[in-house]
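S.K.: Structure: run.pdb, PDB, C-alpha atoms, pLDDT in the B column.
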ATOM      1  CA  GLY I  14      35.339 109.274  92.324  1.00 65.00           C
ATOM      2  CA  ALA I  15      38.738 109.450  90.710  1.00 77.00           C
ATOM      3  CA  VAL I  16      40.837 106.305  90.687  1.00 87.00           C
ATOM      4  CA  VAL I  17      44.439 106.066  91.746  1.00 92.00           C
ATOM      5  CA  SER I  18      46.180 102.751  91.312  1.00 93.00           C
ATOM      6  CA  GLN I  19      49.393 101.559  92.912  1.00 95.00           C
ATOM      7  CA  HIS I  20      51.574  98.684  91.888  1.00 95.00           C
ATOM      8  CA  PRO I  21      52.767  96.427  93.338  1.00 96.00           C
ATOM      9  CA  SER I  22      50.438  96.060  96.305  1.00 94.00           C
ATOM     10  CA  TRP I  23      53.119  94.171  98.174  1.00 94.00           C
ATOM     11  CA  VAL I  24      56.764  93.401  97.571  1.00 96.00           C
ATOM     12  CA  ILE I  25      59.453  91.499  99.406  1.00 96.00           C
ATOM     13  CA  CYS I  26      63.069  92.189  98.591  1.00 96.00           C
ATOM     14  CA  LYS I  27      66.529  91.492  99.873  1.00 96.00           C
ATOM     15  CA  SER I  28      68.516  94.105 101.716  1.00 97.00           C
ATOM     16  CA  GLY I  29      70.579  96.214  99.342  1.00 96.00           C
ATOM     17  CA  THR I  30      68.284  95.941  96.358  1.00 97.00           C
ATOM     18  CA  SER I  31      66.116  98.698  94.905  1.00 97.00           C
ATOM     19  CA  VAL I  32      62.366  98.615  94.616  1.00 97.00           C
ATOM     20  CA  LYS I  33      60.122 100.709  92.381  1.00 97.00           C
ATOM     21  CA  ILE I  34      56.526 101.494  93.234  1.00 97.00           C
ATOM     22  CA  GLU I  35      54.214 102.958  90.613  1.00 96.00           C
ATOM     23  CA  CYS I  36      51.304 105.292  91.179  1.00 95.00           C
ATOM     24  CA  ARG I  37      48.885 105.945  88.345  1.00 94.00           C
ATOM     25  CA  SER I  38      45.884 108.189  88.032  1.00 91.00           C
ATOM     26  CA  LEU I  39      43.570 106.139  85.848  1.00 91.00           C
ATOM     27  CA  ASP I  40      40.859 108.562  84.843  1.00 86.00           C
ATOM     28  CA  PHE I  41      42.309 111.995  85.383  1.00 85.00           C
ATOM     29  CA  GLN I  42      45.502 113.920  84.963  1.00 86.00           C
ATOM     30  CA  ALA I  43      47.482 114.679  88.080  1.00 84.00           C
ATOM     31  CA  THR I  44      50.133 117.366  87.931  1.00 81.00           C
ATOM     32  CA  THR I  45      50.782 116.785  91.606  1.00 86.00           C
ATOM     33  CA  MET I  46      50.996 113.514  93.468  1.00 91.00           C
ATOM     34  CA  PHE I  47      51.947 112.880  97.043  1.00 92.00           C
ATOM     35  CA  TRP I  48      53.853 110.005  98.592  1.00 95.00           C
ATOM     36  CA  TYR I  49      53.166 108.958 102.158  1.00 94.00           C
ATOM     37  CA  ARG I  50      54.677 106.430 104.463  1.00 95.00           C
ATOM     38  CA  GLN I  51      52.641 104.747 107.152  1.00 90.00           C
ATOM     39  CA  PHE I  52      54.071 102.773 110.028  1.00 85.00           C
ATOM     40  CA  PRO I  53      51.903 100.136 111.726  1.00 81.00           C
ATOM     41  CA  LYS I  54      49.004 101.646 113.619  1.00 76.00           C
ATOM     42  CA  GLN I  55      50.212 105.167 112.911  1.00 81.00           C
ATOM     43  CA  SER I  56      49.145 108.053 110.771  1.00 85.00           C
ATOM     44  CA  LEU I  57      50.395 108.971 107.350  1.00 88.00           C
ATOM     45  CA  MET I  58      53.678 110.789 107.069  1.00 90.00           C
ATOM     46  CA  LEU I  59      54.129 112.912 103.992  1.00 91.00           C
ATOM     47  CA  MET I  60      57.414 112.035 102.340  1.00 94.00           C
ATOM     48  CA  ALA I  61      57.381 114.175  99.245  1.00 93.00           C
ATOM     49  CA  THR I  62      55.321 116.061  96.734  1.00 91.00           C
ATOM     50  CA  SER I  63      55.776 114.813  93.198  1.00 87.00           C
ATOM     51  CA  ASN I  64      55.447 117.433  90.480  1.00 83.00           C
ATOM     52  CA  GLU I  65      55.035 116.477  86.846  1.00 83.00           C
ATOM     53  CA  GLY I  66      58.012 117.530  84.798  1.00 82.00           C
ATOM     54  CA  SER I  67      60.039 118.863  87.699  1.00 84.00           C
ATOM     55  CA  LYS I  68      61.879 117.740  90.774  1.00 88.00           C
ATOM     56  CA  ALA I  69      59.999 116.401  93.733  1.00 91.00           C
ATOM     57  CA  THR I  70      59.763 118.404  96.922  1.00 91.00           C
ATOM     58  CA  TYR I  71      60.864 116.370  99.899  1.00 95.00           C
ATOM     59  CA  GLU I  72      59.788 116.826 103.473  1.00 93.00           C
ATOM     60  CA  GLN I  73      62.338 117.514 106.123  1.00 92.00           C
ATOM     61  CA  GLY I  74      64.151 114.394 107.200  1.00 94.00           C
ATOM     62  CA  VAL I  75      63.368 112.383 104.078  1.00 95.00           C
ATOM     63  CA  GLU I  76      66.469 111.285 102.191  1.00 94.00           C
ATOM     64  CA  LYS I  77      66.255 112.338  98.565  1.00 94.00           C
ATOM     65  CA  ASP I  78      68.853 109.853  97.444  1.00 95.00           C
ATOM     66  CA  LYS I  79      67.155 107.017  99.267  1.00 96.00           C
ATOM     67  CA  PHE I  80      63.651 107.698  97.985  1.00 97.00           C
ATOM     68  CA  LEU I  81      63.812 108.664  94.330  1.00 96.00           C
ATOM     69  CA  ILE I  82      60.652 110.132  92.884  1.00 94.00           C
ATOM     70  CA  ASN I  83      59.956 110.551  89.206  1.00 91.00           C
ATOM     71  CA  HIS I  84      56.816 112.116  87.771  1.00 88.00           C
ATOM     72  CA  ALA I  85      57.403 111.822  84.062  1.00 82.00           C
ATOM     73  CA  SER I  86      53.820 112.061  82.874  1.00 88.00           C
ATOM     74  CA  LEU I  87      50.498 113.462  84.023  1.00 88.00           C
ATOM     75  CA  THR I  88      49.290 110.014  85.034  1.00 91.00           C
ATOM     76  CA  LEU I  89      52.344 108.315  86.499  1.00 93.00           C
ATOM     77  CA  SER I  90      54.617 108.913  89.443  1.00 93.00           C
ATOM     78  CA  THR I  91      57.143 106.398  90.688  1.00 95.00           C
ATOM     79  CA  LEU I  92      58.885 105.969  94.025  1.00 97.00           C
ATOM     80  CA  THR I  93      62.115 104.018  94.033  1.00 97.00           C
ATOM     81  CA  VAL I  94      63.512 102.880  97.341  1.00 97.00           C
ATOM     82  CA  THR I  95      67.210 102.533  96.649  1.00 97.00           C
ATOM     83  CA  SER I  96      69.499 100.144  98.496  1.00 96.00           C
ATOM     84  CA  ALA I  97      66.624  99.104 100.690  1.00 96.00           C
ATOM     85  CA  HIS I  98      67.218  98.055 104.277  1.00 96.00           C
ATOM     86  CA  PRO I  99      64.899  96.440 106.812  1.00 96.00           C
ATOM     87  CA  GLU I 100      64.119  99.808 108.372  1.00 95.00           C
ATOM     88  CA  ASP I 101      62.614 100.869 105.036  1.00 96.00           C
ATOM     89  CA  SER I 102      59.933  98.225 105.464  1.00 95.00           C
ATOM     90  CA  SER I 103      56.650 100.068 105.593  1.00 95.00           C
ATOM     91  CA  PHE I 104      53.344 100.760 103.913  1.00 94.00           C
ATOM     92  CA  TYR I 105      53.749 103.362 101.164  1.00 96.00           C
ATOM     93  CA  ILE I 106      50.700 105.189  99.869  1.00 94.00           C
ATOM     94  CA  CYS I 107      50.418 107.605  96.995  1.00 94.00           C
ATOM     95  CA  SER I 108      47.687 110.112  96.378  1.00 92.00           C
ATOM     96  CA  ALA I 109      46.715 112.647  93.772  1.00 89.00           C
ATOM     97  CA  ARG I 110      44.664 115.800  93.750  1.00 80.00           C
ATOM     98  CA  VAL I 111      41.873 115.979  91.268  1.00 71.00           C
ATOM     99  CA  SER I 112      41.200 119.646  90.761  1.00 62.00           C
ATOM    100  CA  GLN I 113      43.524 122.492  90.046  1.00 58.00           C
ATOM    101  CA  GLY I 114      43.178 125.914  91.568  1.00 54.00           C
ATOM    102  CA  GLY I 115      41.107 124.852  94.521  1.00 53.00           C
ATOM    103  CA  ALA I 116      42.125 122.479  97.299  1.00 56.00           C
ATOM    104  CA  GLY I 117      40.483 119.434  95.775  1.00 67.00           C
ATOM    105  CA  GLU I 118      40.305 116.256  97.719  1.00 74.00           C
ATOM    106  CA  LEU I 119      43.039 113.672  97.610  1.00 81.00           C
ATOM    107  CA  PHE I 120      42.371 110.276  96.134  1.00 87.00           C
ATOM    108  CA  PHE I 121      44.567 107.507  97.418  1.00 90.00           C
ATOM    109  CA  GLY I 122      46.085 104.433  95.914  1.00 92.00           C
ATOM    110  CA  GLU I 123      45.630 101.073  97.550  1.00 91.00           C
ATOM    111  CA  GLY I 124      49.058 101.239  99.127  1.00 93.00           C
ATOM    112  CA  SER I 125      52.182  99.148  98.686  1.00 95.00           C
ATOM    113  CA  ARG I 126      53.582  97.104 101.514  1.00 94.00           C
ATOM    114  CA  LEU I 127      57.348  96.782 101.316  1.00 96.00           C
ATOM    115  CA  THR I 128      59.170  94.156 103.338  1.00 96.00           C
ATOM    116  CA  VAL I 129      62.940  94.193 103.234  1.00 96.00           C
ATOM    117  CA  LEU I 130      64.623  91.025 104.456  1.00 96.00           C
TER     118      LEU I 130
ATOM    119  CA  ALA D   9      51.973 125.194 114.501  1.00 69.00           C
ATOM    120  CA  GLN D  10      49.579 123.454 112.195  1.00 77.00           C
ATOM    121  CA  SER D  11      48.179 120.256 113.626  1.00 87.00           C
ATOM    122  CA  VAL D  12      45.246 117.912 113.678  1.00 92.00           C
ATOM    123  CA  THR D  13      44.297 116.132 116.866  1.00 94.00           C
ATOM    124  CA  GLN D  14      42.160 113.065 117.164  1.00 95.00           C
ATOM    125  CA  PRO D  15      41.921 112.580 120.922  1.00 95.00           C
ATOM    126  CA  ASP D  16      40.575 109.049 120.803  1.00 95.00           C
ATOM    127  CA  ILE D  17      43.031 106.405 119.654  1.00 93.00           C
ATOM    128  CA  HIS D  18      40.505 103.593 120.043  1.00 95.00           C
ATOM    129  CA  ILE D  19      36.736 103.602 120.207  1.00 97.00           C
ATOM    130  CA  THR D  20      34.481 100.590 120.694  1.00 97.00           C
ATOM    131  CA  VAL D  21      30.757 100.744 120.053  1.00 97.00           C
ATOM    132  CA  SER D  22      28.016  98.203 119.715  1.00 97.00           C
ATOM    133  CA  GLU D  23      26.424  97.634 116.360  1.00 97.00           C
ATOM    134  CA  GLY D  24      23.432  99.904 115.991  1.00 97.00           C
ATOM    135  CA  ALA D  25      24.749 102.458 118.448  1.00 98.00           C
ATOM    136  CA  SER D  26      25.553 106.019 117.493  1.00 98.00           C
ATOM    137  CA  LEU D  27      29.109 107.148 116.869  1.00 97.00           C
ATOM    138  CA  GLU D  28      31.036 110.366 117.184  1.00 98.00           C
ATOM    139  CA  LEU D  29      34.732 110.666 116.349  1.00 98.00           C
ATOM    140  CA  ARG D  30      36.427 113.834 117.430  1.00 98.00           C
ATOM    141  CA  CYS D  31      38.775 116.001 115.416  1.00 97.00           C
ATOM    142  CA  ASN D  32      40.325 119.293 116.418  1.00 96.00           C
ATOM    143  CA  TYR D  33      42.628 121.330 114.273  1.00 93.00           C
ATOM    144  CA  SER D  34      45.050 124.166 114.669  1.00 88.00           C
ATOM    145  CA  TYR D  35      45.515 126.008 111.416  1.00 81.00           C
ATOM    146  CA  GLY D  36      46.537 129.530 110.570  1.00 74.00           C
ATOM    147  CA  ALA D  37      44.590 129.779 107.341  1.00 73.00           C
ATOM    148  CA  THR D  38      41.084 129.016 106.197  1.00 75.00           C
ATOM    149  CA  PRO D  39      40.950 125.243 106.339  1.00 85.00           C
ATOM    150  CA  TYR D  40      39.571 122.599 104.100  1.00 89.00           C
ATOM    151  CA  LEU D  41      38.653 119.585 106.199  1.00 92.00           C
ATOM    152  CA  PHE D  42      38.299 115.933 105.350  1.00 93.00           C
ATOM    153  CA  TRP D  43      37.518 112.594 106.885  1.00 96.00           C
ATOM    154  CA  TYR D  44      39.030 109.450 105.401  1.00 95.00           C
ATOM    155  CA  VAL D  45      38.531 105.799 106.291  1.00 96.00           C
ATOM    156  CA  GLN D  46      41.134 103.077 105.954  1.00 93.00           C
ATOM    157  CA  SER D  47      40.457  99.363 106.106  1.00 90.00           C
ATOM    158  CA  PRO D  48      43.387  97.109 107.078  1.00 84.00           C
ATOM    159  CA  GLY D  49      46.030  96.934 104.373  1.00 82.00           C
ATOM    160  CA  GLN D  50      44.166  99.349 102.164  1.00 84.00           C
ATOM    161  CA  GLY D  51      44.502 102.908 100.994  1.00 85.00           C
ATOM    162  CA  LEU D  52      42.294 105.712 102.224  1.00 89.00           C
ATOM    163  CA  GLN D  53      38.768 106.394 101.063  1.00 91.00           C
ATOM    164  CA  LEU D  54      37.213 109.826 101.305  1.00 91.00           C
ATOM    165  CA  LEU D  55      34.113 109.897 103.508  1.00 95.00           C
ATOM    166  CA  LEU D  56      33.304 113.581 103.310  1.00 94.00           C
ATOM    167  CA  LYS D  57      34.791 117.024 103.012  1.00 91.00           C
ATOM    168  CA  TYR D  58      34.105 120.596 104.057  1.00 92.00           C
ATOM    169  CA  PHE D  59      35.150 123.490 101.889  1.00 85.00           C
ATOM    170  CA  SER D  60      32.623 126.204 102.670  1.00 83.00           C
ATOM    171  CA  GLY D  61      28.915 126.827 103.081  1.00 86.00           C
ATOM    172  CA  ASP D  62      26.697 124.626 105.201  1.00 89.00           C
ATOM    173  CA  THR D  63      28.693 123.539 108.216  1.00 92.00           C
ATOM    174  CA  LEU D  64      26.946 120.181 108.391  1.00 96.00           C
ATOM    175  CA  VAL D  65      28.184 117.995 105.577  1.00 96.00           C
ATOM    176  CA  GLN D  66      26.896 114.641 104.483  1.00 96.00           C
ATOM    177  CA  GLY D  67      29.164 111.904 103.280  1.00 96.00           C
ATOM    178  CA  ILE D  68      29.070 108.370 102.056  1.00 95.00           C
ATOM    179  CA  LYS D  69      27.996 105.344 104.078  1.00 95.00           C
ATOM    180  CA  GLY D  70      25.654 107.419 106.231  1.00 97.00           C
ATOM    181  CA  PHE D  71      28.373 109.562 107.819  1.00 98.00           C
ATOM    182  CA  GLU D  72      28.104 113.266 108.501  1.00 98.00           C
ATOM    183  CA  ALA D  73      30.381 115.848 110.057  1.00 98.00           C
ATOM    184  CA  GLU D  74      29.900 119.282 111.503  1.00 96.00           C
ATOM    185  CA  PHE D  75      32.390 122.114 111.171  1.00 94.00           C
ATOM    186  CA  LYS D  76      32.508 124.367 114.213  1.00 94.00           C
ATOM    187  CA  ARG D  77      34.893 127.220 113.641  1.00 91.00           C
ATOM    188  CA  SER D  78      34.587 128.536 117.201  1.00 91.00           C
ATOM    189  CA  GLN D  79      35.726 125.199 118.555  1.00 93.00           C
ATOM    190  CA  SER D  80      38.158 124.382 115.735  1.00 93.00           C
ATOM    191  CA  SER D  81      36.456 121.049 115.431  1.00 95.00           C
ATOM    192  CA  PHE D  82      35.192 118.800 112.681  1.00 97.00           C
ATOM    193  CA  ASN D  83      33.628 115.799 114.382  1.00 98.00           C
ATOM    194  CA  LEU D  84      32.401 112.805 112.447  1.00 98.00           C
ATOM    195  CA  ARG D  85      29.079 111.203 113.331  1.00 98.00           C
ATOM    196  CA  LYS D  86      26.920 108.287 112.354  1.00 98.00           C
ATOM    197  CA  PRO D  87      23.495 107.567 113.887  1.00 97.00           C
ATOM    198  CA  SER D  88      23.728 103.796 113.709  1.00 97.00           C
ATOM    199  CA  VAL D  89      26.987 101.927 113.285  1.00 98.00           C
ATOM    200  CA  HIS D  90      27.279  98.782 111.183  1.00 96.00           C
ATOM    201  CA  TRP D  91      29.839  96.029 111.742  1.00 95.00           C
ATOM    202  CA  SER D  92      31.413  96.925 108.399  1.00 95.00           C
ATOM    203  CA  ASP D  93      32.300 100.367 109.738  1.00 96.00           C
ATOM    204  CA  ALA D  94      35.128  98.886 111.790  1.00 96.00           C
ATOM    205  CA  ALA D  95      38.247 100.565 110.412  1.00 96.00           C
ATOM    206  CA  GLU D  96      40.716 103.385 111.008  1.00 95.00           C
ATOM    207  CA  TYR D  97      39.424 106.903 110.569  1.00 97.00           C
ATOM    208  CA  PHE D  98      41.617 109.884 109.761  1.00 95.00           C
ATOM    209  CA  CYS D  99      40.796 113.549 109.922  1.00 96.00           C
ATOM    210  CA  ALA D 100      42.807 115.813 107.627  1.00 93.00           C
ATOM    211  CA  VAL D 101      43.159 119.512 106.916  1.00 90.00           C
ATOM    212  CA  THR D 102      44.656 121.527 104.133  1.00 85.00           C
ATOM    213  CA  LYS D 103      44.757 125.151 103.112  1.00 73.00           C
ATOM    214  CA  VAL D 104      42.337 126.898 100.816  1.00 60.00           C
ATOM    215  CA  SER D 105      45.282 127.940  98.665  1.00 59.00           C
ATOM    216  CA  GLY D 106      48.955 127.240  98.404  1.00 58.00           C
ATOM    217  CA  THR D 107      50.813 123.971  98.348  1.00 61.00           C
ATOM    218  CA  TYR D 108      47.787 121.945  99.380  1.00 65.00           C
ATOM    219  CA  LYS D 109      49.742 119.800 101.789  1.00 77.00           C
ATOM    220  CA  TYR D 110      47.450 117.703 103.867  1.00 85.00           C
ATOM    221  CA  ILE D 111      47.990 117.285 107.567  1.00 87.00           C
ATOM    222  CA  PHE D 112      46.547 114.104 108.975  1.00 90.00           C
ATOM    223  CA  GLY D 113      45.501 113.308 112.492  1.00 92.00           C
ATOM    224  CA  THR D 114      46.865 110.234 114.193  1.00 91.00           C
ATOM    225  CA  GLY D 115      43.712 108.277 113.492  1.00 94.00           C
ATOM    226  CA  THR D 116      40.981 106.628 115.517  1.00 96.00           C
ATOM    227  CA  ARG D 117      40.548 102.892 115.340  1.00 95.00           C
ATOM    228  CA  LEU D 118      36.894 101.898 115.518  1.00 97.00           C
ATOM    229  CA  LYS D 119      35.856  98.504 116.795  1.00 97.00           C
ATOM    230  CA  VAL D 120      32.248  97.411 116.438  1.00 97.00           C
ATOM    231  CA  LEU D 121      30.771  94.807 118.743  1.00 96.00           C
ATOM    232  CA  ALA D 122      28.114  92.476 117.385  1.00 89.00           C
TER     233      ALA D 122
END
Mind turning this structure into structure tokens?

M.R.:
Amino acid sequence: GAVVSQHPSWVICKSGTSVKIECRSLDFQATTMFWYRQFPKQSLMLMATSNEGSKATYEQGVEKDKFLINHASLTLSTLTVTSAHPEDSSFYICSARVSQGGAGELFFGEGSRLTVL
Amino acid sequence: AQSVTQPDIHITVSEGASLELRCNYSYGATPYLFWYVQSPGQGLQLLLKYFSGDTLVQGIKGFEAEFKRSQSSFNLRKPSVHWSDAAEYFCAVTKVSGTYKYIFGTGTRLKVLA
């Protein structure tokens, strides 16, 4: 199957700093990537849809200025958590669709665990 | 409203026993259905998917699922569970066309007893 890679897999930062998480599609081009947030023992919550070359589409309740998404190329999307606070600590997962036109299954990155001290 | 329900939060089975994980969906359009598995601290891996055609779909690791439109269900099954199957399982649905947003169920945590 298609490979989606996230980096870093875990990061610890101080409150008030910004953290960037990268999501790469290694063997396919992804015009659309999705960013999810997962709280412990809970399901995935869609944060935003990342569109190559255009602005991301955020879900209701997700702060655009807090979670900056950039999808500058067909293989890379980044999520930047700005001025991170302890409540931003979570497991962030990106995914990408393989096929265009049809639904296509999502392939997921390994996830990035953010801990804000 | 669009939703996916996994009624069982936790399921415990003995190794070698059969398994069925339930998934019900409420969706206004023709659905595409998926089952994903997540090991602790990992991303999600696709087990199987249903787009159209045969309502019984085979997946990886010996899993299968059956789409029943009349019951709005897409239950996951495995005849004989292995200890390595212990993980979190998520059912998901998306539309045949449109924005392709996926809606995930709340997950079922599977524990396997030796």

S.K.: When the cut-off is 7 Å and we count all atoms listed in the file, which residues of chain I are near chain D, given as an NGL selection string?

M.R.: :I and (55-57 or 106 or 115-116 or 121-124)

S.K.: Write out as a CSV table (one decimal) with C-alpha atoms, in the coordinates of the input which residues come within 9 Å of Cys36 of chain I when counting only C-alpha atoms, dropping same-chain ones fewer than 6 positions away.

M.R.:
chain,number,residue,atom,x,y,z
I,17,VAL,CA,44.4,106.1,91.7
I,18,SER,CA,46.2,102.8,91.3
I,19,GLN,CA,49.4,101.6,92.9
I,20,HIS,CA,51.6,98.7,91.9
I,46,MET,CA,51.0,113.5,93.5
I,88,THR,CA,49.3,110.0,85.0
I,89,LEU,CA,52.3,108.3,86.5
I,90,SER,CA,54.6,108.9,89.4
I,91,THR,CA,57.1,106.4,90.7
I,92,LEU,CA,58.9,106.0,94.0
I,106,ILE,CA,50.7,105.2,99.9
I,107,CYS,CA,50.4,107.6,97.0
I,108,SER,CA,47.7,110.1,96.4
I,122,GLY,CA,46.1,104.4,95.9

S.K.: I'd like the contact shell of Ala25 of chain D - 8 Å cut-off, all atoms listed in the file, skipping same-chain residues fewer than 5 positions apart - returned as a PyMOL selection string.

M.R.: chain D and resi 87-89

S.K.: Could you check which of D:Ile68, D:Cys31, D:Val120, D:Val21 is closest to Cys99 of chain D, using only C-alpha atoms?

M.R.: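 Residue with the minimum atom-to-atom distance to Cys99 of chain D: D:Cys31.
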
S.K.: What's the separation between atom CA of Thr95 of chain I and atom CA of Thr45 of chain I, in Å to one decimal place?

M.R.: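 Distance reported for this atom pair: 22.3 Å.
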
S.K.: Mind checking which residues fall within 8 Å of Glu74 of chain D, counting only C-alpha atoms, ignoring those fewer than 3 positions away in the same chain, and posting them as a short mmCIF file (atom, residue, chain, number, x, y, z; two decimals) with C-alpha atoms, in the coordinates of the input?

M.R.:
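Wrote it out as selection-v9.cif, contents follow:
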data_model
loop_
_atom_site.label_atom_id
_atom_site.label_comp_id
_atom_site.auth_asym_id
_atom_site.auth_seq_id
_atom_site.Cartn_x
_atom_site.Cartn_y
_atom_site.Cartn_z
CA THR D 63 28.69 123.54 108.22
CA LEU D 64 26.95 120.18 108.39
CA VAL D 65 28.18 118.00 105.58
CA SER D 81 36.46 121.05 115.43
CA PHE D 82 35.19 118.80 112.68
CA ASN D 83 33.63 115.80 114.38
CA LEU D 84 32.40 112.80 112.45
#

S.K.: Using all atoms listed in the file, pick whichever of I:Val129, I:Ala15, I:Glu65, I:Ser31 has the shortest atom-to-atom distance to Ser102 of chain I.

M.R.: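 Nearest to Ser102 of chain I: I:Val129.
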
S.K.: Tell me, in Å to one decimal, how far atom CA of Lys86 of chain D is from atom CA of Lys119 of chain D.

M.R.: 14.0 Å

S.K.: From the list D:His90, D:Ala37, D:Arg30, D:Ala95, which residue is nearest Lys76 of chain D when using all atoms listed in the file?

M.R.: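 Between D:His90, D:Ala37, D:Arg30, D:Ala95, the residue approaching Lys76 of chain D most closely is D:Arg30.
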
S.K.: State, in Å with one decimal place, the distance from atom CA of Val101 of chain D to atom CA of Tyr35 of chain D.

M.R.: 8.2 Å
